[in-house]
$ cat upload-v1.cif   # mmCIF, C-alpha atoms
data_structure
#
loop_
_atom_site.label_atom_id
_atom_site.label_comp_id
_atom_site.auth_asym_id
_atom_site.auth_seq_id
_atom_site.Cartn_x
_atom_site.Cartn_y
_atom_site.Cartn_z
CA MET A 452 -30.61 -1.30 -61.74
CA ARG A 453 -31.92 1.33 -59.36
CA LEU A 454 -28.98 0.78 -56.99
CA VAL A 455 -26.47 1.17 -59.82
CA ASP A 456 -28.21 4.31 -61.10
CA TRP A 457 -28.22 5.74 -57.57
CA TYR A 458 -24.51 5.01 -57.15
CA LEU A 459 -23.59 6.49 -60.54
CA GLY A 460 -25.49 9.65 -59.62
CA LEU A 461 -23.30 10.29 -56.57
CA SER A 462 -20.44 12.76 -56.56
CA LEU A 463 -16.84 11.49 -56.24
CA GLY A 464 -16.71 12.28 -52.51
CA GLN A 465 -19.98 10.47 -51.88
CA LYS A 466 -18.75 7.44 -53.86
CA ILE A 467 -15.63 7.31 -51.67
CA VAL A 468 -17.71 7.43 -48.49
CA VAL A 469 -20.00 4.66 -49.78
CA GLY A 470 -16.94 2.66 -50.92
CA VAL A 471 -15.49 2.76 -47.40
CA ALA A 472 -18.71 2.50 -45.38
CA VAL A 473 -20.21 -0.51 -47.16
CA PRO A 474 -17.20 -2.85 -46.66
CA ALA A 475 -16.84 -1.67 -43.06
CA LEU A 476 -20.52 -2.38 -42.41
CA VAL A 477 -20.23 -5.82 -44.04
CA PHE A 478 -17.18 -6.60 -41.87
CA VAL A 479 -18.91 -5.53 -38.63
CA LEU A 480 -22.04 -7.52 -39.47
CA ALA A 481 -19.98 -10.61 -40.33
CA TYR A 482 -18.03 -10.27 -37.07
CA LEU A 483 -21.20 -9.95 -34.98
CA ALA A 484 -22.81 -12.87 -36.80
CA SER A 485 -19.76 -15.06 -36.16
CA LEU A 486 -19.80 -14.12 -32.46
CA LEU A 487 -23.48 -15.04 -32.26
CA ILE A 488 -22.94 -18.37 -34.02
CA LEU A 489 -19.87 -19.29 -31.93
CA SER A 490 -21.60 -18.25 -28.71
CA ALA A 491 -24.65 -20.36 -29.54
CA ALA A 492 -22.37 -23.32 -30.31
CA GLY A 493 -20.62 -22.91 -26.92
CA VAL A 494 -17.18 -22.21 -28.36
CA GLY A 495 -15.00 -20.27 -25.93
CA ARG A 496 -16.71 -21.56 -22.82
CA ALA A 497 -13.83 -23.72 -21.67
CA ASP A 498 -14.50 -25.48 -18.40
CA TYR A 499 -11.45 -24.82 -16.24
CA SER A 500 -13.01 -26.10 -13.05
CA PRO A 501 -11.95 -29.33 -11.40
CA GLN A 502 -14.39 -32.23 -11.72
CA GLY A 503 -17.51 -31.51 -9.74
CA GLY A 504 -16.37 -28.20 -8.29
CA THR A 505 -16.13 -24.49 -8.79
CA PRO A 506 -12.63 -23.13 -9.36
CA ALA A 507 -11.07 -20.75 -6.93
CA PRO A 508 -10.06 -17.51 -8.62
CA VAL A 509 -6.47 -17.05 -9.74
CA SER A 510 -4.91 -14.27 -7.73
CA LEU A 511 -1.85 -12.47 -9.03
CA ARG A 512 -2.04 -9.75 -6.44
CA PRO A 513 -0.32 -10.54 -3.16
CA GLY A 514 -2.68 -10.83 -0.24
CA ALA A 515 -5.82 -11.09 -2.36
CA SER A 516 -8.47 -13.40 -0.98
CA ALA A 517 -11.12 -15.47 -2.63
CA SER A 518 -14.78 -14.57 -2.30
CA ALA A 519 -16.87 -16.25 0.37
CA SER A 520 -18.73 -18.29 -2.24
CA SER A 521 -15.61 -20.11 -3.45
CA ALA A 522 -13.12 -20.96 -0.73
CA PRO A 523 -9.67 -21.53 -2.21
CA THR A 524 -8.09 -24.96 -2.07
CA PHE A 525 -4.69 -23.30 -2.29
CA GLU A 526 -3.00 -20.63 -0.22
CA VAL A 527 0.43 -19.27 0.69
CA LYS A 528 0.99 -17.56 4.04
CA ILE A 529 4.01 -15.75 5.39
CA GLY A 530 4.37 -16.72 9.03
CA SER A 531 7.33 -14.53 9.91
CA VAL A 532 9.90 -12.31 8.23
CA ARG A 533 12.63 -10.50 10.11
CA TRP A 534 16.16 -9.24 9.95
CA GLU A 535 18.52 -11.71 11.61
CA GLY A 536 21.91 -10.03 11.71
CA GLU A 537 23.14 -9.56 8.14
CA LYS A 538 20.21 -11.32 6.45
CA ALA A 539 16.43 -11.21 6.18
CA VAL A 540 14.65 -14.52 6.77
CA VAL A 541 11.12 -15.37 5.69
CA LYS A 542 9.20 -18.46 6.83
CA GLY A 543 5.79 -19.54 5.68
CA THR A 544 3.32 -22.29 4.92
CA TRP A 545 1.02 -23.28 2.09
CA ARG A 546 -2.15 -25.19 1.47
CA GLY A 547 -2.72 -27.06 -1.78
CA ASP A 548 -0.60 -29.01 -4.25
CA LEU A 549 2.42 -26.69 -4.47
CA SER A 550 4.64 -26.64 -7.52
CA SER A 551 7.03 -23.86 -6.50
CA VAL A 552 7.43 -20.82 -4.27
CA HIS A 553 9.60 -17.75 -4.79
CA CYS A 554 10.13 -14.69 -2.59
CA ASP A 555 11.48 -11.21 -3.34
CA LEU A 556 12.85 -8.53 -1.02
CA LEU A 557 11.42 -5.08 -1.75
CA LYS A 558 12.45 -1.65 -0.51
CA GLY A 559 9.89 1.09 0.06
CA GLY A 560 6.89 -0.86 1.31
CA LYS A 561 4.75 -3.57 -0.23
CA ALA A 562 4.42 -1.53 -3.43
CA GLY A 563 8.18 -0.87 -3.43
CA SER A 564 10.83 -1.97 -5.83
CA ALA A 565 13.24 -4.89 -5.81
CA ILE A 566 16.78 -4.08 -4.79
CA ASP A 567 19.93 -5.76 -6.06
CA TRP A 568 21.49 -6.13 -2.59
CA TRP A 569 20.56 -9.79 -2.11
CA ASP A 570 21.94 -12.94 -3.71
CA ARG A 571 19.24 -14.29 -6.02
CA SER A 572 20.93 -17.66 -6.34
CA VAL A 573 19.75 -18.50 -2.80
CA ALA A 574 16.36 -20.03 -3.52
CA ALA A 575 13.49 -20.77 -1.16
CA LYS A 576 13.76 -24.07 0.70
CA THR A 577 10.61 -26.16 0.84
CA SER A 578 9.53 -29.04 3.06
CA PHE A 579 6.74 -30.78 1.19
CA SER A 580 5.99 -33.11 4.10
CA LYS A 581 5.52 -30.18 6.52
CA ARG A 582 4.13 -27.80 3.86
CA THR A 583 6.57 -25.08 4.90
CA PHE A 584 9.03 -22.84 3.08
CA SER A 585 11.81 -20.50 4.08
CA GLN A 586 14.17 -18.19 2.27
CA GLU A 587 17.18 -16.21 3.40
CA PHE A 588 18.04 -12.92 1.76
CA VAL A 589 21.81 -12.64 2.09
CA ARG A 590 24.10 -9.96 0.74
CA ALA A 591 25.35 -10.66 -2.77
CA LYS A 592 29.10 -11.26 -2.91
CA GLY A 593 31.46 -11.11 -5.85
CA ARG A 594 29.61 -8.45 -7.82
CA THR A 595 29.01 -4.73 -7.60
CA VAL A 596 25.84 -3.95 -5.68
CA LYS A 597 24.16 -0.73 -6.77
CA GLU A 598 21.82 -0.42 -3.78
CA ARG A 599 22.92 -1.05 -0.23
CA VAL A 600 20.50 -1.83 2.58
CA ASP A 601 19.39 1.34 4.33
CA PRO A 602 19.21 0.76 8.13
CA GLN A 603 16.27 3.21 8.21
CA GLY A 604 14.54 1.70 5.15
CA ASP A 605 11.12 0.10 4.93
CA TYR A 606 11.51 -3.47 3.62
CA TRP A 607 8.88 -6.00 2.64
CA VAL A 608 8.94 -9.57 1.38
CA VAL A 609 6.57 -10.76 -1.32
CA CYS A 610 6.19 -14.50 -1.87
CA TRP A 611 4.53 -16.07 -4.90
CA ALA A 612 3.39 -19.68 -5.09
CA GLN A 613 2.46 -21.67 -8.17
CA PHE A 614 0.26 -24.72 -7.70
CA SER A 615 0.15 -27.84 -9.87
CA ASP A 616 -3.47 -27.26 -10.88
CA GLY A 617 -2.44 -24.00 -12.56
CA TYR A 618 -3.41 -21.58 -9.83
CA GLY A 619 -1.03 -19.04 -8.40
CA THR A 620 -1.22 -16.68 -5.45
CA GLY A 621 0.97 -14.51 -3.31
CA ASN A 622 1.35 -12.87 0.06
CA GLU A 623 3.40 -10.01 1.47
CA ALA A 624 4.66 -8.94 4.88
CA PRO A 625 6.91 -6.23 6.33
CA VAL A 626 10.38 -7.26 7.43
CA LYS A 627 10.58 -6.77 11.19
CA GLY A 628 13.70 -5.74 13.04
CA THR A 629 16.55 -3.46 12.04
CA PRO A 630 18.32 -3.90 8.68
CA PRO A 631 22.11 -4.30 8.80
CA GLY A 632 23.96 -1.01 8.67
#
$ encode --input "upload-v1.cif" --output "structure tokens"
Amino acid sequence: MRLVDWYLGLSLGQKIVVGVAVPALVFVLAYLASLLILSAAGVGRADYSPQGGTPAPVSLRPGASASASSAPTFEVKIGSVRWEGEKAVVKGTWRGDLSSVHCDLLKGGKAGSAIDWWDRSVAAKTSFSKRTFSQEFVRAKGRTVKERVDPQGDYWVVCWAQFSDGYGTGNEAPVKGTPPG
């Protein structure tokens, strides 16, 4: 009865504060208790590592490398990328169980933006036996191109690879040579 008498003795504003604070406190305590219980039970600790090993970190940033303590079992490397006449050609290799590889041509450096100059229907070619890939960036035909290649521009290629074990990584390199003018 003391608690009820105390509550009834409060002003309207104090009753509103108590009416909001008590449910909020109950919610926070219930949330923390559930986290403690689930943590103790091991829920949320999914084991994503391969049998008997430590997983290599997933890298979504081109050029990122794994720490020395966990050498990656997957990798994509750009071997060469250069302008060859009217097209840019990238060639590279990979290590691991590749699912797919895709490259983009960027203007303005490795942090640049994609341009609509090239034909996106020309996909990367892969040789699974040699573990190599190549892609040609050719001028798009049959549609209006908003951005032309600037012969003085800074162009980069970024290649992304997805591996069958769920990992993905990328690499980038500047396009060497002179763009078509």
$ closest_residue --input "upload-v1.cif" --among "A:Val573, A:Ala472, A:Val609, A:Leu486" --to "Lys538 in chain A" --atoms "all atoms listed in the file"
A:Val573
$ resolve_selection --input "upload-v1.cif" --expression "the PyMOL selection byres ((chain A and resi 590) around 12)" --output "PyMOL selection string"
chain A and resi 536-539+556+566-573+587-589+591-600+630-632
$ residues_around --input "upload-v1.cif" --residues "range 622-624 of chain A" --least-positions-apart "2" --cutoff "9 Å" --atoms "all atoms listed in the file" --output "ChimeraX atom specification"
/A:512-515,526-532,561,606-612,620,626-627
$ axis_aligned_box --input "upload-v1.cif" --around "range 570-573 of chain A" --padding-each-side "3 Å" --output "AutoDock Vina command-line options"
--center_x 20.6 --center_y -15.7 --center_z -4.6 --size_x 8.7 --size_y 11.6 --size_z 9.5
$ atom_distance --input "upload-v1.cif" --atom1 "CA of Gly617 in chain A" --atom2 "CA of Leu549 in chain A"
9.8 Å
$ closest_residue --input "upload-v1.cif" --among "A:Leu476, A:Val552, A:Arg546, A:Pro625" --to "Trp534 in chain A" --atoms "only C-alpha atoms"
A:Pro625
$ closest_residue --input "upload-v1.cif" --among "A:Thr629, A:Asp616, A:Ala565, A:Gly543" --to "Phe525 in chain A" --atoms "all atoms listed in the file"
A:Asp616
$ atom_distance --input "upload-v1.cif" --atom1 "CA of Asp605 in chain A" --atom2 "CA of His553 in chain A"
20.4 Å
$ atom_distance --input "upload-v1.cif" --atom1 "CA of Arg533 in chain A" --atom2 "CA of Ser551 in chain A"
22.0 Å
$ resolve_selection --input "upload-v1.cif" --expression "the PyMOL selection byres ((chain A and resi 577) around 10)" --output "list of chain:residue names"
A:Lys542, A:Gly543, A:Thr544, A:Leu549, A:Ser551, A:Val552, A:Ala574, A:Ala575, A:Lys576, A:Ser578, A:Phe579, A:Ser580, A:Lys581, A:Arg582, A:Thr583, A:Phe584, A:Ser585, A:Gln586
$ write_last_selection --input "upload-v1.cif" --atoms "C-alpha atoms" --output "mmCIF file, in the frame of the given file"
data_model
loop_
_atom_site.group_PDB
_atom_site.id
_atom_site.type_symbol
_atom_site.label_atom_id
_atom_site.label_comp_id
_atom_site.auth_asym_id
_atom_site.auth_seq_id
_atom_site.Cartn_x
_atom_site.Cartn_y
_atom_site.Cartn_z
ATOM 1 C CA LYS A 542 9.200 -18.460 6.830
ATOM 2 C CA GLY A 543 5.790 -19.540 5.680
ATOM 3 C CA THR A 544 3.320 -22.290 4.920
ATOM 4 C CA LEU A 549 2.420 -26.690 -4.470
ATOM 5 C CA SER A 551 7.030 -23.860 -6.500
ATOM 6 C CA VAL A 552 7.430 -20.820 -4.270
ATOM 7 C CA ALA A 574 16.360 -20.030 -3.520
ATOM 8 C CA ALA A 575 13.490 -20.770 -1.160
ATOM 9 C CA LYS A 576 13.760 -24.070 0.700
ATOM 10 C CA SER A 578 9.530 -29.040 3.060
ATOM 11 C CA PHE A 579 6.740 -30.780 1.190
ATOM 12 C CA SER A 580 5.990 -33.110 4.100
ATOM 13 C CA LYS A 581 5.520 -30.180 6.520
ATOM 14 C CA ARG A 582 4.130 -27.800 3.860
ATOM 15 C CA THR A 583 6.570 -25.080 4.900
ATOM 16 C CA PHE A 584 9.030 -22.840 3.080
ATOM 17 C CA SER A 585 11.810 -20.500 4.080
ATOM 18 C CA GLN A 586 14.170 -18.190 2.270
#
